[in-house]
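See structure below.
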Amino acid sequence: MTGDALAIAWRTVSLAALATLVMLPPGIALAWVLARRQFPGRAVLETVISLPLVMPPVATGLMLIWVFGRRGPVGGPLSQLGIDVMFTWRAVVLAGAVMGLPLLVRATRAGFEQVDRRYEEIAGTLGASPRRVFLTISLPLAKRGVLAGALLGFSRALGEFGATIMVAGALPSTRTIAVAIYSYTETGQQAAATTMLAVSASIAFGALLLSNRLAAGS
Amino acid sequence: MTVSITLDFSLRQGDFALDIQEQVEARVVALFGPSGSGKTTVLESIAGLRSPERGVIRIGNRTLYDADGGVDVPPHERHIGYVPQDLALFPHMNVTRNILYGANAAHDVGSAAALEQVLSLLELWPLLERGVGDLSGGERQRVAIARALTTSPLLLLLDEPLTALDSGLRARILPYLERIRDELATPIVYVSHDEAEIRAMADWVVELELGRATRSGPWQGDS
């Protein structure tokens with residue numbers, strides 16, 4: 001039982017970390033575009049990114065099934081390559097990344113908006129290409145926003161339930177803490193559910209402690 | 001070394017309109033005039049940070065902007081060293097990394113000797129390890145000038161380099177600027193509203209008022 005709980009805890013944390021890594025590149029790119037560029041369709045893009053924040057997570061999960069299922073526009077080609085997404089650990093990562101992305105984008109975008117454009121302009125006059133300006137000026141100066149966003153996205157992925165249970169189910173091989181608490185409770189395994197609750201509380205406690213220290217330290 | 005500078009362009013920013021037609025051959029050109037006359041806008045147009053609506057900007061034989069010819073060189077390819085009035089030292093880098101920022105980006109540059117010369121001219125050796133937050137006003141000014149010079153620019157743009165400093169410090173920084181003028185071959189466009197400074201630095205003066213040049217000619221002084 002304890003070994004099981006540990007395995008589930010480890011799976012949850014590592015897949016949430018992976019989800020954070022997956023959402024970082026597109027999240028940072030989207031945040032930068034929204035903070036620094038004016039273009040037609042900007043408001044639509046902004047809204048689409050935020051949809052998972054407002055929609056029921058199971059609805060987001062259903063859309064992911066359409067897209068990444070075996071007959072979906074992305075899932076189809078992937079499964080021909082022998083890569084199945086639905087009901088594997090990949091689905092857990094996917095659900096966490098999609099649900100965490102809006103939070104990551106919001107905080108990161110605020111980080112970029114706080115960077116004085118003056119530094120970016122002057123770096124340009126010193127011969128730095130837009131790419132170098134981004135890597136050496138914008139991103140380092142926005143790093144608190146990026147870090148805060150990554151922590152928020154990670155936390156969201158850690159606790160994700162609705163979309164996850166749609167795309168990954170409650171299989172022993174894909175079960176995360178949130179899903180395990182639900183299924184143990186459903187099947188009357190009170191002790192196991194309580195153990196998972198304790199594990200969940202300790203992880204949350206540790207993560208909050210860490211994020212508060214990061215916020216105070218930088 | 002003198003350079004020929006063609007500034008023949010217009011631009012509009014809100015209510016403000018700048019319209020300038022100057023062809024100058026000089027080593028240090030001063031843009032002189034009250035605040036709001038468009039001095040900084042001229043510098044930022046040369047640096048590529050503001051886009052004119054028509055005209056030509058040419059430094060020596062390099063065309064940086066030519067509306068009819070479809071030329072608008074992006075700022076990072078202009079090789080113009082710009083020291084803005086707010087300096088904009090990068091807060092997350094120490095003095096050395098600030099100064100080397102442009103040297104790293106320039107391809108043709110930067111013999112170590114040229115860098116050493118700049119550091120010596122501006123007496124920056126003792127400051128290299130400092131954070132930019134620990135610098136005095138005059139030190140910040142020198143770091144910003146060095147950062148612009150280490151890109152080996154075609155032209156150095158200085159926007160009121162002494163205005164923010166008190167008079168004692170001004171008297172100490174001015175000789176550094178004169179050294180840059182005399183010992184480096186880099187031509188300068190110098191913005192100021194202080195006649196004494198212009199007398200000390202410039203050999204050509206363009207007077208601006210409300211976005212138009214009201215006078216342009218060699219400095220009518222005793223030099």
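Following the order of the structure tokens, first chain is A, next is B, and so on, with residues numbered from 1 inside each chain and ligands from 1 in the order they appear.
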
What residues in chain B lie within 8 Å of chain A, counting only C-alpha atoms, written as a tab-separated table (two decimals) with C-alpha atoms, in the first residue's frame?
```
chain	number	residue	atom	x	y	z
B	47	ALA	CA	19.68	55.03	-34.44
B	48	GLY	CA	16.67	53.43	-36.12
B	49	LEU	CA	14.38	53.56	-33.11
B	75	PRO	CA	18.81	49.20	-35.55
B	76	HIS	CA	21.04	46.22	-34.87
B	77	GLU	CA	22.66	46.51	-38.28
B	78	ARG	CA	23.21	50.28	-38.26
B	79	HIS	CA	26.44	50.43	-36.25
B	80	ILE	CA	25.37	53.59	-34.50
B	81	GLY	CA	26.43	53.99	-30.87
B	82	TYR	CA	23.61	55.62	-28.96
B	88	ALA	CA	19.61	52.41	-19.93
B	89	LEU	CA	22.45	50.42	-18.36
B	90	PHE	CA	21.31	46.81	-18.17
B	92	HIS	CA	21.03	42.55	-14.49
B	101	TYR	CA	27.49	43.61	-24.60
B	102	GLY	CA	27.99	45.36	-27.91
B	105	ALA	CA	27.60	41.43	-31.02
B	106	ALA	CA	29.87	43.29	-33.42
B	147	ARG	CA	29.31	50.42	-23.96
B	148	ALA	CA	28.38	52.40	-27.06
B	151	THR	CA	30.74	48.35	-30.87
```

Distance in Å - CA of Gly3 (chain A) versus CA of Val85 (chain A):
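So the two atoms, CA of Gly3 (chain A) and CA of Val85 (chain A), lie 26.3 Å apart.
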
CA of Pro25 (chain A) to CA of Ala170 (chain A), distance in Å rounded to a single decimal:
28.9 Å

Within 10 Å of Glu160 (chain B) using only C-alpha atoms, minus same-chain residues under 6 positions, as a PyMOL selection string
chain B and resi 31-32+39-40+83-86+190-194+197

How would the residues just chosen look if you wrote them out with N, CA and C atoms as a PDB file, in the first residue's frame?
```pdb
ATOM      1  N   LEU B  31      23.374  69.288 -31.759  1.00  0.00           N
ATOM      2  CA  LEU B  31      21.968  69.654 -31.946  1.00  0.00           C
ATOM      3  C   LEU B  31      21.588  70.455 -30.725  1.00  0.00           C
ATOM      4  N   PHE B  32      21.204  71.691 -30.982  1.00  0.00           N
ATOM      5  CA  PHE B  32      21.018  72.640 -29.889  1.00  0.00           C
ATOM      6  C   PHE B  32      19.581  73.128 -29.932  1.00  0.00           C
ATOM      7  N   LYS B  39      15.266  67.266 -30.607  1.00  0.00           N
ATOM      8  CA  LYS B  39      16.666  66.816 -30.640  1.00  0.00           C
ATOM      9  C   LYS B  39      16.768  65.298 -30.464  1.00  0.00           C
ATOM     10  N   THR B  40      16.110  64.794 -29.424  1.00  0.00           N
ATOM     11  CA  THR B  40      16.186  63.358 -29.156  1.00  0.00           C
ATOM     12  C   THR B  40      15.557  62.555 -30.290  1.00  0.00           C
ATOM     13  N   VAL B  83      23.989  56.755 -26.851  1.00  0.00           N
ATOM     14  CA  VAL B  83      23.953  56.886 -25.389  1.00  0.00           C
ATOM     15  C   VAL B  83      22.748  57.755 -25.052  1.00  0.00           C
ATOM     16  N   PRO B  84      21.643  57.121 -24.665  1.00  0.00           N
ATOM     17  CA  PRO B  84      20.431  57.907 -24.414  1.00  0.00           C
ATOM     18  C   PRO B  84      20.568  58.678 -23.109  1.00  0.00           C
ATOM     19  N   GLN B  85      19.675  59.623 -22.943  1.00  0.00           N
ATOM     20  CA  GLN B  85      19.762  60.461 -21.751  1.00  0.00           C
ATOM     21  C   GLN B  85      19.563  59.630 -20.480  1.00  0.00           C
ATOM     22  N   ASP B  86      18.683  58.620 -20.570  1.00  0.00           N
ATOM     23  CA  ASP B  86      18.460  57.781 -19.385  1.00  0.00           C
ATOM     24  C   ASP B  86      19.499  56.657 -19.260  1.00  0.00           C
ATOM     25  N   TYR B 190      25.922  65.386 -30.966  1.00  0.00           N
ATOM     26  CA  TYR B 190      25.861  65.710 -29.558  1.00  0.00           C
ATOM     27  C   TYR B 190      24.642  66.593 -29.306  1.00  0.00           C
ATOM     28  N   VAL B 191      23.770  66.137 -28.431  1.00  0.00           N
ATOM     29  CA  VAL B 191      22.578  66.920 -28.123  1.00  0.00           C
ATOM     30  C   VAL B 191      22.783  67.670 -26.817  1.00  0.00           C
ATOM     31  N   SER B 192      22.469  68.954 -26.830  1.00  0.00           N
ATOM     32  CA  SER B 192      22.623  69.707 -25.594  1.00  0.00           C
ATOM     33  C   SER B 192      21.775  70.970 -25.649  1.00  0.00           C
ATOM     34  N   HIS B 193      21.472  71.516 -24.489  1.00  0.00           N
ATOM     35  CA  HIS B 193      20.940  72.867 -24.515  1.00  0.00           C
ATOM     36  C   HIS B 193      21.843  73.821 -23.741  1.00  0.00           C
ATOM     37  N   ASP B 194      23.117  73.415 -23.623  1.00  0.00           N
ATOM     38  CA  ASP B 194      24.073  74.214 -22.871  1.00  0.00           C
ATOM     39  C   ASP B 194      25.149  74.762 -23.814  1.00  0.00           C
ATOM     40  N   GLU B 197      28.921  73.848 -23.163  1.00  0.00           N
ATOM     41  CA  GLU B 197      29.258  72.488 -23.586  1.00  0.00           C
ATOM     42  C   GLU B 197      29.481  72.436 -25.086  1.00  0.00           C
TER      43      GLU B 197
END
```

Pick from B:Arg50, B:Val95, B:Leu135, B:Thr2, whichever lies nearest to Val73 (chain B) using only C-alpha atoms:
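Closest residue, counting only C-alpha atoms: B:Arg50.
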
Quick one: distance from CA of Trp204 (chain B) to CA of Trp219 (chain B) in Å, one decimal?
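Computing it gives 5.1 Å between the two atoms.
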
Show me, as a VMD selection string, the residues that have an atom within 12 Å of Arg144 (chain A) when counting only C-alpha atoms, minus same-chain residues fewer than 5 positions from it.
chain A and resid 104 107 to 115 138 to 139 149 to 151 211 214 to 218

I want to know what sits within 9 Å of region 89-94 of chain A, based on only C-alpha atoms, with residues of the same chain fewer than 2 positions away left out; could you give that as a PyMOL selection string?
chain A and resi 11-12+15-20+22+64+68+84-87+96-99+157+160+163-165+167-168+173-176

As a PyMOL selection string, please: every residue in chain A that a backbone DSSP assignment puts in alpha helix (DSSP H).
chain A and resi 2-36+42-54+57-68+75-80+89-113+117-125+130-133+139-141+143-159+162-168+177-186+190-217

Considering only C-alpha atoms, state which residue in the set B:Leu169, B:Ile180, B:Ile20, B:Leu11 is at the smallest distance from Arg215 (chain B).
B:Ile20
